[in-house]
>>> print(open('structure-v6.txt').read())   # compact mmCIF, C-alpha atoms
# COMPACT_ATOMS: atom_id res chain seq x y z
CA MET A 1 110.33 90.95 94.65
CA THR A 2 108.78 92.13 91.39
CA HIS A 3 105.00 91.95 91.37
CA THR A 4 103.00 90.76 88.39
CA GLU A 5 99.30 90.44 87.59
CA THR A 6 99.52 86.81 88.74
CA SER A 7 101.10 87.63 92.11
CA MET A 8 98.65 90.49 92.67
CA ASN A 9 95.71 88.20 91.89
CA ALA A 10 96.98 85.77 94.54
CA LEU A 11 97.08 88.58 97.11
CA ARG A 12 93.43 89.39 96.35
CA HIS A 13 92.31 86.09 97.83
CA SER A 14 94.26 86.29 101.07
CA GLY A 15 93.08 87.98 104.27
CA ASP A 16 94.43 87.76 107.83
CA GLU A 17 94.03 84.24 109.22
CA LEU A 18 94.80 85.11 112.85
CA ALA A 19 92.44 88.08 113.16
CA ASP A 20 89.75 86.39 111.05
CA ALA A 21 89.73 83.36 113.37
CA VAL A 22 89.47 85.56 116.48
CA VAL A 23 86.56 87.57 115.07
CA ALA A 24 84.72 84.44 113.90
CA THR A 25 84.98 82.98 117.42
CA LEU A 26 83.79 86.20 119.10
CA PHE A 27 80.70 86.31 116.90
CA GLU A 28 80.04 82.58 117.22
CA ARG A 29 80.07 82.85 121.02
CA GLY A 30 78.16 86.14 121.15
CA GLU A 31 81.07 87.90 122.88
CA VAL A 32 81.56 90.95 120.64
CA GLY A 33 79.62 93.31 122.91
CA LYS A 34 81.56 92.14 125.95
CA PHE A 35 84.86 92.60 124.10
CA ASN A 36 83.97 96.15 123.05
CA SER A 37 82.83 97.14 126.53
CA LEU A 38 85.91 95.79 128.29
CA MET A 39 88.41 96.98 125.69
CA ARG A 40 87.07 100.53 125.57
CA TYR A 41 89.36 101.53 128.40
CA VAL A 42 92.39 99.50 127.33
CA SER A 43 94.33 102.14 125.44
CA THR A 44 98.00 101.81 126.41
CA ALA A 45 100.59 99.07 125.92
CA GLY A 46 101.41 97.08 129.03
CA GLN A 47 98.05 97.85 130.60
CA GLU A 48 96.56 94.95 132.54
CA LEU A 49 93.79 93.27 130.57
CA PRO A 50 90.39 93.39 132.29
CA ASP A 51 88.82 90.40 134.02
CA GLY A 52 86.10 88.76 131.97
CA LEU A 53 87.75 89.42 128.62
CA PRO A 54 86.95 86.53 126.24
CA GLY A 55 89.78 84.00 126.22
CA VAL A 56 90.31 84.07 122.46
CA ALA A 57 90.67 87.87 122.59
CA ARG A 58 93.08 87.68 125.52
CA GLU A 59 95.28 85.22 123.60
CA TYR A 60 95.20 87.42 120.49
CA LEU A 61 96.15 90.57 122.43
CA ARG A 62 99.08 88.80 124.07
CA ALA A 63 100.28 87.27 120.80
CA THR A 64 100.18 90.61 118.96
CA GLY A 65 101.22 92.88 121.81
CA THR A 66 104.85 93.30 120.78
CA PRO A 67 106.39 94.69 117.57
CA PRO A 68 108.12 92.38 115.07
CA ASP A 69 111.54 91.18 116.21
CA TRP A 70 113.15 92.51 113.01
CA VAL A 71 112.41 96.18 113.76
CA ASP A 72 115.42 98.49 113.41
CA TRP A 73 114.86 101.05 116.15
CA SER A 74 117.38 103.50 114.76
CA GLU A 75 115.32 103.65 111.56
CA MET A 76 112.15 104.19 113.58
CA GLU A 77 113.79 107.12 115.38
CA LYS A 78 114.79 108.62 112.03
CA ALA A 79 111.17 108.26 110.90
CA ARG A 80 109.93 109.99 114.05
CA LEU A 81 112.27 112.92 113.54
CA PHE A 82 111.24 113.10 109.87
CA PHE A 83 107.61 113.31 110.99
CA ILE A 84 108.36 116.05 113.53
CA ASP A 85 110.19 118.07 110.88
CA ASN A 86 107.37 117.66 108.32
CA ASN A 87 104.24 117.08 110.39
CA VAL A 88 102.12 119.80 108.77
CA HIS A 89 103.12 118.71 105.29
CA ILE A 90 102.49 115.04 106.14
CA SER A 91 99.06 115.90 107.58
CA THR A 92 98.29 117.83 104.40
CA ALA A 93 99.33 114.88 102.24
CA LEU A 94 97.30 112.40 104.30
CA SER A 95 94.19 114.60 104.15
CA PHE A 96 94.31 115.82 100.56
CA ALA A 97 96.16 113.06 98.71
CA SER A 98 96.09 109.74 100.61
CA MET A 99 92.39 109.76 101.48
CA PRO A 100 91.23 110.84 97.99
CA ALA A 101 93.52 108.14 96.54
CA CYS A 102 91.58 105.57 98.56
CA TYR A 103 88.37 106.93 97.06
CA VAL A 104 89.64 106.58 93.49
CA VAL A 105 89.70 102.78 93.92
CA PRO A 106 85.99 101.90 93.52
CA HIS A 107 85.88 98.76 95.65
CA VAL A 108 87.85 100.48 98.44
CA ALA A 109 85.42 103.42 98.36
CA ARG A 110 82.61 100.90 98.71
CA LEU A 111 84.33 99.27 101.67
CA LEU A 112 84.80 102.62 103.41
CA SER A 113 81.13 103.32 102.88
CA ALA A 114 80.25 100.01 104.51
CA THR A 115 82.66 100.53 107.40
CA HIS A 116 81.72 104.00 108.61
CA GLY A 117 78.75 105.04 106.52
CA LEU A 118 78.85 107.99 104.20
CA SER A 119 77.76 110.47 106.85
CA TYR A 120 80.87 110.54 109.05
CA PRO A 121 83.98 111.64 107.12
CA SER A 122 85.43 113.22 110.26
CA LYS A 123 85.53 109.80 111.93
CA ARG A 124 87.61 108.33 109.13
CA MET A 125 90.02 111.27 109.15
CA ALA A 126 90.20 111.36 112.94
CA GLU A 127 91.05 107.65 113.13
CA THR A 128 93.78 107.99 110.50
CA GLY A 129 95.24 111.13 112.08
CA GLN A 130 95.19 109.74 115.61
CA PHE A 131 96.74 106.46 114.46
CA THR A 132 99.64 108.30 112.76
CA VAL A 133 100.25 110.54 115.77
CA TYR A 134 100.35 107.48 118.05
CA LEU A 135 102.88 105.82 115.73
CA MET A 136 105.25 108.79 115.78
CA GLN A 137 105.46 109.19 119.55
CA PRO A 138 108.79 108.34 121.26
CA ASP A 139 107.08 105.65 123.37
CA ALA A 140 104.95 104.22 120.55
CA PHE A 141 106.01 100.61 121.20
CA GLU A 142 106.80 100.87 124.90
CA ALA A 143 104.67 100.39 127.98
CA GLY A 144 102.30 103.34 128.15
CA GLY A 145 102.33 103.89 124.38
CA ARG A 146 99.02 104.00 122.55
CA PHE A 147 100.00 102.68 119.13
CA ILE A 148 100.01 98.91 119.73
CA PRO A 149 96.50 98.72 121.32
CA ALA A 150 95.11 100.92 118.55
CA ALA A 151 96.71 98.72 115.88
CA GLN A 152 95.39 95.55 117.52
CA LYS A 153 91.86 96.94 117.42
CA VAL A 154 92.17 98.18 113.83
CA ARG A 155 93.31 94.70 112.78
CA LEU A 156 90.20 93.17 114.35
CA LEU A 157 88.06 95.88 112.75
CA HIS A 158 89.36 94.86 109.32
CA ALA A 159 88.62 91.21 110.10
CA THR A 160 85.10 92.16 111.19
CA ILE A 161 84.39 93.90 107.90
CA ARG A 162 85.46 90.74 106.07
CA HIS A 163 83.26 88.67 108.39
CA HIS A 164 80.12 90.75 107.84
CA LEU A 165 80.44 91.15 104.09
CA LYS A 166 81.07 87.45 103.50
CA ARG A 167 78.44 86.20 105.95
CA GLU A 168 75.73 88.48 104.57
CA ASP A 169 76.66 87.79 100.93
CA ARG A 170 77.18 91.50 100.31
CA TRP A 171 80.44 91.13 98.42
CA ASP A 172 81.23 89.42 95.12
CA THR A 173 84.24 87.46 96.33
CA GLU A 174 84.66 85.62 93.03
CA ALA A 175 85.05 88.87 91.10
CA LEU A 176 86.64 91.08 93.76
CA GLY A 177 88.54 88.67 95.97
CA THR A 178 88.56 88.83 99.76
CA PRO A 179 87.32 92.11 101.29
CA ILE A 180 90.28 94.06 102.71
CA CYS A 181 92.61 91.52 101.14
CA GLN A 182 96.39 91.54 101.30
CA GLU A 183 96.63 93.45 98.01
CA ASP A 184 94.39 96.23 99.35
CA MET A 185 96.16 96.33 102.69
CA ILE A 186 99.53 96.71 100.97
CA GLY A 187 97.96 99.31 98.67
CA GLY A 188 96.74 101.22 101.73
CA GLN A 189 100.23 101.00 103.21
CA MET A 190 101.53 102.62 100.02
CA PHE A 191 98.89 105.37 100.11
CA PHE A 192 99.97 106.40 103.61
CA SER A 193 103.72 106.11 102.98
CA LEU A 194 104.91 106.39 99.38
CA LEU A 195 102.05 108.63 98.25
CA VAL A 196 102.72 110.95 101.18
CA LEU A 197 106.36 111.20 100.11
CA ASP A 198 105.28 111.88 96.52
CA SER A 199 102.97 114.64 97.75
CA LEU A 200 105.74 116.23 99.80
CA HIS A 201 107.87 116.24 96.69
CA ARG A 202 105.04 117.83 94.68
CA LEU A 203 104.71 120.49 97.37
CA GLY A 204 108.40 121.30 97.01
CA ILE A 205 109.43 119.96 100.41
CA HIS A 206 113.12 119.14 100.57
CA MET A 207 113.67 115.62 101.91
CA SER A 208 116.77 113.58 102.42
CA GLN A 209 116.76 110.08 100.91
CA GLU A 210 117.53 108.76 104.38
CA GLY A 211 114.48 110.47 105.90
CA ALA A 212 112.16 109.30 103.13
CA GLU A 213 113.36 105.72 103.43
CA ALA A 214 112.92 105.79 107.21
CA TYR A 215 109.35 107.07 106.88
CA TYR A 216 108.54 104.28 104.43
CA TYR A 217 110.21 101.78 106.78
CA ALA A 218 107.98 102.90 109.66
CA TRP A 219 104.89 102.10 107.59
CA ARG A 220 106.31 98.66 106.83
CA VAL A 221 106.36 98.12 110.59
CA VAL A 222 102.77 99.38 110.74
CA GLY A 223 101.78 96.90 108.06
CA ALA A 224 103.35 94.04 109.96
CA VAL A 225 101.48 94.98 113.14
CA LEU A 226 98.23 95.18 111.14
CA GLY A 227 98.63 91.66 109.75
CA VAL A 228 100.09 92.47 106.34
CA ASP A 229 102.24 89.66 104.90
CA GLN A 230 105.65 91.33 104.84
CA THR A 231 107.07 88.75 102.43
CA ALA A 232 104.85 90.39 99.79
CA VAL A 233 105.68 94.00 100.71
CA PRO A 234 108.45 95.79 98.77
CA THR A 235 111.39 96.69 101.00
CA THR A 236 112.63 99.61 98.90
CA LEU A 237 111.09 102.81 97.59
CA ASP A 238 111.68 101.66 94.01
CA GLY A 239 109.89 98.40 94.70
CA ALA A 240 107.07 100.30 96.38
CA ARG A 241 106.73 102.50 93.31
CA GLN A 242 106.40 99.44 91.06
CA PHE A 243 103.74 97.94 93.33
CA LEU A 244 101.71 101.14 93.66
CA ASP A 245 101.77 101.83 89.91
CA LEU A 246 100.54 98.32 89.14
CA TYR A 247 97.91 98.45 91.89
CA MET A 248 96.47 101.73 90.64
CA LEU A 249 96.47 100.62 87.00
CA ARG A 250 94.56 97.50 88.04
CA HIS A 251 91.90 99.22 90.10
CA MET A 252 91.57 103.00 89.86
CA GLY A 253 88.54 104.59 88.27
CA PRO A 254 85.37 106.61 88.95
CA SER A 255 82.55 105.50 91.25
CA PRO A 256 79.49 107.13 92.88
CA GLU A 257 80.87 106.23 96.32
CA GLY A 258 84.27 107.74 95.57
CA ALA A 259 82.72 111.01 94.41
CA HIS A 260 80.39 111.11 97.41
CA LEU A 261 83.17 110.47 99.91
CA THR A 262 85.31 113.14 98.28
CA ARG A 263 82.49 115.68 98.42
CA GLN A 264 82.10 115.01 102.12
CA LEU A 265 85.85 115.32 102.66
CA ILE A 266 85.80 118.70 100.92
CA ASP A 267 82.79 119.85 102.95
CA LEU A 268 84.50 118.75 106.16
CA TYR A 269 87.63 120.80 105.54
CA GLU A 270 85.74 123.78 104.24
CA GLU A 271 84.07 123.87 107.65
CA VAL A 272 87.50 123.82 109.32
CA VAL A 273 88.83 126.71 107.19
CA PRO A 274 87.71 130.02 108.80
CA GLY A 275 85.20 132.01 106.73
CA THR A 276 84.38 131.15 103.13
CA LEU A 277 86.97 133.07 101.08
CA PHE A 278 89.52 130.27 101.23
CA ASP A 279 87.08 127.34 100.93
CA PRO A 280 88.04 126.66 97.28
CA VAL A 281 91.63 126.05 98.40
CA VAL A 282 90.54 122.62 99.65
CA SER A 283 89.37 121.46 96.23
CA ALA A 284 92.34 123.10 94.51
CA LEU A 285 94.82 121.34 96.80
CA ILE A 286 93.22 117.93 96.23
CA ARG A 287 93.27 118.48 92.47
CA TYR A 288 96.91 119.60 92.58
CA LEU A 289 98.06 116.58 94.61
CA VAL A 290 96.09 113.77 92.92
CA GLY A 291 96.14 115.16 89.37
CA ASP A 292 93.36 116.20 87.01
CA THR A 293 92.34 112.71 85.88
CA CYS A 294 91.73 111.38 89.39
CA ALA A 295 90.21 114.70 90.49
CA ASP A 296 87.73 114.54 87.61
CA TRP A 297 86.80 110.96 88.52
CA LEU A 298 86.18 112.14 92.08
CA GLU A 299 84.19 115.14 90.78
CA VAL A 300 86.48 117.61 92.54
CA PRO A 301 85.27 121.04 91.35
CA ARG A 302 87.61 123.32 89.45
CA THR A 303 88.09 126.70 91.14
CA ARG A 304 89.89 129.97 90.64
CA TRP A 305 92.43 128.76 93.19
CA ASP A 306 93.70 125.92 90.97
CA THR A 307 96.44 128.14 89.52
CA VAL A 308 97.24 129.83 92.83
CA VAL A 309 97.83 126.53 94.63
CA LYS A 310 100.52 125.64 92.12
CA ALA A 311 102.63 128.38 93.73
CA ALA A 312 102.61 126.48 97.04
CA PRO A 313 106.05 124.90 96.47
CA HIS A 314 107.61 128.35 96.08
CA LEU A 315 106.06 129.60 99.34
CA LEU A 316 107.08 126.47 101.21
CA GLY A 317 110.58 126.84 99.76
CA VAL A 318 110.85 130.29 101.31
CA LEU A 319 109.72 128.93 104.69
CA GLU A 320 112.23 126.08 104.50
CA THR A 321 115.02 128.59 103.74
CA ILE A 322 114.08 130.50 106.88
CA GLU A 323 114.06 127.25 108.82
CA ASP A 324 117.47 126.19 107.52
CA ARG A 325 119.15 129.52 108.26
CA SER A 326 117.73 130.35 111.66
CA PRO A 327 117.62 128.17 114.81
CA PHE A 328 114.73 130.31 116.03
CA GLY A 329 112.98 129.84 112.68
CA THR A 330 113.42 126.08 113.01
CA TRP A 331 111.91 126.12 116.50
CA ALA A 332 109.06 128.42 115.51
CA LEU A 333 108.06 126.48 112.41
CA ASP A 334 108.30 123.11 114.16
CA ARG A 335 106.17 124.47 116.98
CA LEU A 336 103.67 125.89 114.52
CA GLY A 337 103.54 122.51 112.78
CA HIS A 338 102.88 120.72 116.04
CA LEU A 339 100.12 123.13 117.02
CA THR A 340 98.51 122.99 113.57
CA THR A 341 98.48 119.18 113.57
CA ALA A 342 97.10 119.09 117.12
CA LEU A 343 94.40 121.62 116.23
CA GLU A 344 93.36 119.67 113.15
CA LEU A 345 93.19 116.42 115.10
CA SER A 346 91.27 117.95 118.00
CA THR A 347 88.81 119.48 115.53
CA LEU A 348 88.19 116.13 113.84
CA THR A 349 87.93 114.14 117.08
CA ARG A 350 86.09 116.91 118.95
CA GLY A 351 88.43 116.20 121.84
CA ARG A 352 87.49 112.52 122.04
CA VAL A 353 89.71 109.43 121.81
CA MET A 354 88.79 107.18 118.88
CA HIS A 355 88.23 103.63 120.18
CA TYR A 356 88.17 101.52 117.00
CA ALA A 357 85.34 99.31 118.27
CA ILE A 358 84.26 96.16 116.43
CA PRO A 359 80.89 96.84 114.71
CA GLU A 360 78.30 94.22 115.61
CA GLN A 361 76.62 94.88 112.27
CA LEU A 362 77.14 97.01 109.19
CA LYS A 363 74.70 99.44 107.66
CA LYS A 364 71.94 97.44 105.99
CA ASP A 365 71.79 99.71 102.95
CA TYR A 366 75.19 101.20 102.48
CA GLY A 367 76.19 103.36 99.57
CA VAL A 368 74.99 106.56 97.95
CA THR A 369 71.35 107.45 97.52
CA GLY A 370 69.81 105.70 94.54
CA ALA A 371 69.65 102.28 93.01
CA ALA A 372 73.23 101.40 93.98
CA SER A 373 72.41 101.73 97.67
CA ARG A 374 69.54 99.25 97.41
CA THR A 375 71.68 96.47 95.95
CA ARG A 376 72.64 93.91 98.59
CA ARG A 377 75.53 92.31 96.77
CA TRP A 378 77.97 94.62 95.07
CA THR A 379 79.82 93.56 91.93
CA PRO A 380 82.29 95.61 89.90
CA PRO A 381 80.76 97.71 87.12
CA PRO A 382 81.06 96.38 83.58
CA ALA A 383 84.06 97.52 81.61
CA THR A 384 83.47 100.38 79.22
CA VAL A 385 85.05 100.92 75.85
CA SER A 386 86.14 104.47 75.11
>>> encode(input="structure-v6.txt", output="structure tokens")
Amino acid sequence: MTHTETSMNALRHSGDELADAVVATLFERGEVGKFNSLMRYVSTAGQELPDGLPGVAREYLRATGTPPDWVDWSEMEKARLFFIDNNVHISTALSFASMPACYVVPHVARLLSATHGLSYPSKRMAETGQFTVYLMQPDAFEAGGRFIPAAQKVRLLHATIRHHLKREDRWDTEALGTPICQEDMIGGQMFFSLLVLDSLHRLGIHMSQEGAEAYYYAWRVVGAVLGVDQTAVPTTLDGARQFLDLYMLRHMGPSPEGAHLTRQLIDLYEEVVPGTLFDPVVSALIRYLVGDTCADWLEVPRTRWDTVVKAAPHLLGVLETIEDRSPFGTWALDRLGHLTTALELSTLTRGRVMHYAIPEQLKKDYGVTGAASRTRRWTPPPATVS
């Protein structure tokens, strides 16, 4: 389907009825703490649910415990192999393009601030990285896989954010629509699929059309598991491009929260990079992948590495040539990619498993330091005329 301003506006007022009803019941009955305690150790598909789990949660977990019946498993296997072949590049795109893209949408940056607080960027990155790794495992949807339980919890987490913001009158629903609405969830799906593919292309990574389409398909499956209305989601890369372009034109812009989140993301990865000589590479890579306009909105500093990073596609092209011409090179680079991704994830998680618990309350004063953080109910900034 072709999306228009009218169809996008309709998506802004739609959430996730199933998850919203479950969360409302858990809070009404005072069972959130019990749910979090009992579900902390439920981490694999097919695992027996603990005694004492609230009935409404038990019903939800059973109803959402299997993937959609329309899943094409051959496409999912293609997506998994695509991920294995490009895992370092995909991790780079997620970290330095997808996350900053979220921050360039002001109301999404505000939501992320409310969800995790501005002091824990590693938690956001760790949850995203772990979620993607779970998805791309061979047993992701089988008994013993970790993806389905993680997705079920993330879906309830989204519903909880909606619950808190609406109940506490901390969101201008009339102006902004439903928090974490269908439009934003589809937009997020595009950030982690289409924008990743765009970033790989910008980095000079050679991709087959078949592999790219399979990777996008896998994130359509993710969206379905997370409660995204698939009748509104483009089924092709061209349709996805049209949606993402319209979404960004409707919403992107500067915000204090977006700049603050980006600064913390940069600080986080500068700590990961050994020494200080290569610290500016982080900012340069973000600027290269998201473009100067978005980078300026996010207050990404310009560095002497901005020009150097533009040579990255040539270097990666050399590595891909080695990989294509040598079986040993293929094995070595794939192994290096696996180890690099594992190291990055272990650094962000500090060796812990992220549990995606339902927050019993949000931060009372969320946002950046200053007047904005003291405002209970956030409304979009007035339009400016340039």
>>> residues_near_point(input="structure-v6.txt", point="(106.4, 91.2, 86.0)", cutoff="12 Å", atoms="all atoms listed in the file", output="list in words")
Met1, Thr2, His3, Thr4, Glu5, Thr6, Ser7, Met8, Gly239, Gln242, Phe243 and Leu246 of chain A
>>> residues_around(input="structure-v6.txt", residues="segment 132-143 of chain A", least_positions_apart="6", cutoff="10 Å", atoms="only C-alpha atoms", output="ChimeraX atom specification")
/A:44-47,65-67,76-77,79-84,87,90-91,94,126,149-151,192,215,218-219,221-222,341-342,345
>>> write_last_selection(input="structure-v6.txt", atoms="C-alpha atoms", output="PDB file, in the coordinates of the input")
ATOM      1  CA  THR A  44      98.000 101.810 126.410  1.00  0.00           C
ATOM      2  CA  ALA A  45     100.590  99.070 125.920  1.00  0.00           C
ATOM      3  CA  GLY A  46     101.410  97.080 129.030  1.00  0.00           C
ATOM      4  CA  GLN A  47      98.050  97.850 130.600  1.00  0.00           C
ATOM      5  CA  GLY A  65     101.220  92.880 121.810  1.00  0.00           C
ATOM      6  CA  THR A  66     104.850  93.300 120.780  1.00  0.00           C
ATOM      7  CA  PRO A  67     106.390  94.690 117.570  1.00  0.00           C
ATOM      8  CA  MET A  76     112.150 104.190 113.580  1.00  0.00           C
ATOM      9  CA  GLU A  77     113.790 107.120 115.380  1.00  0.00           C
ATOM     10  CA  ALA A  79     111.170 108.260 110.900  1.00  0.00           C
ATOM     11  CA  ARG A  80     109.930 109.990 114.050  1.00  0.00           C
ATOM     12  CA  LEU A  81     112.270 112.920 113.540  1.00  0.00           C
ATOM     13  CA  PHE A  82     111.240 113.100 109.870  1.00  0.00           C
ATOM     14  CA  PHE A  83     107.610 113.310 110.990  1.00  0.00           C
ATOM     15  CA  ILE A  84     108.360 116.050 113.530  1.00  0.00           C
ATOM     16  CA  ASN A  87     104.240 117.080 110.390  1.00  0.00           C
ATOM     17  CA  ILE A  90     102.490 115.040 106.140  1.00  0.00           C
ATOM     18  CA  SER A  91      99.060 115.900 107.580  1.00  0.00           C
ATOM     19  CA  LEU A  94      97.300 112.400 104.300  1.00  0.00           C
ATOM     20  CA  ALA A 126      90.200 111.360 112.940  1.00  0.00           C
ATOM     21  CA  PRO A 149      96.500  98.720 121.320  1.00  0.00           C
ATOM     22  CA  ALA A 150      95.110 100.920 118.550  1.00  0.00           C
ATOM     23  CA  ALA A 151      96.710  98.720 115.880  1.00  0.00           C
ATOM     24  CA  PHE A 192      99.970 106.400 103.610  1.00  0.00           C
ATOM     25  CA  TYR A 215     109.350 107.070 106.880  1.00  0.00           C
ATOM     26  CA  ALA A 218     107.980 102.900 109.660  1.00  0.00           C
ATOM     27  CA  TRP A 219     104.890 102.100 107.590  1.00  0.00           C
ATOM     28  CA  VAL A 221     106.360  98.120 110.590  1.00  0.00           C
ATOM     29  CA  VAL A 222     102.770  99.380 110.740  1.00  0.00           C
ATOM     30  CA  THR A 341      98.480 119.180 113.570  1.00  0.00           C
ATOM     31  CA  ALA A 342      97.100 119.090 117.120  1.00  0.00           C
ATOM     32  CA  LEU A 345      93.190 116.420 115.100  1.00  0.00           C
TER      33      LEU A 345
END
>>> residues_around(input="structure-v6.txt", residues="Leu156 of chain A", least_positions_apart="3", cutoff="6 Å", atoms="only C-alpha atoms", output="list in words")
Ala19, Lys153 and Ala159 of chain A
>>> closest_residue(input="structure-v6.txt", among="A:Leu289, A:Ile186, A:Leu53, A:Leu112", to="Glu31 of chain A", atoms="all atoms listed in the file")
A:Leu53
>>> residues_around(input="structure-v6.txt", residues="segment 33-39 of chain A", least_positions_apart="3", cutoff="8 Å", atoms="only C-alpha atoms", output="PyMOL selection string")
chain A and resi 30+42-43+50+52-54+57+357-358+360
>>> closest_residue(input="structure-v6.txt", among="A:Thr64, A:Leu176, A:Pro359, A:Val22", to="Arg250 of chain A", atoms="all atoms listed in the file")
A:Leu176
>>> closest_residue(input="structure-v6.txt", among="A:Arg12, A:Ser193, A:Ser113, A:Leu200", to="Tyr216 of chain A", atoms="all atoms listed in the file")
A:Ser193
>>> closest_residue(input="structure-v6.txt", among="A:Cys181, A:Val56, A:Val108, A:Leu26", to="Gly258 of chain A", atoms="only C-alpha atoms")
A:Val108
>>> atom_distance(input="structure-v6.txt", atom1="atom CA of Tyr60 of chain A", atom2="atom CA of Gln152 of chain A")
8.7 Å
>>> atom_distance(input="structure-v6.txt", atom1="atom CA of Asp169 of chain A", atom2="atom CA of His107 of chain A")
15.3 Å
>>> closest_residue(input="structure-v6.txt", among="A:Met99, A:Leu226, A:Met252, A:Ile205", to="Gly15 of chain A", atoms="all atoms listed in the file")
A:Leu226
>>> atom_distance(input="structure-v6.txt", atom1="atom CA of Gln361 of chain A", atom2="atom CA of Thr178 of chain A")
18.3 Å
>>> closest_residue(input="structure-v6.txt", among="A:Leu11, A:Pro106, A:Asp69, A:Ile148", to="Val225 of chain A", atoms="only C-alpha atoms")
A:Ile148
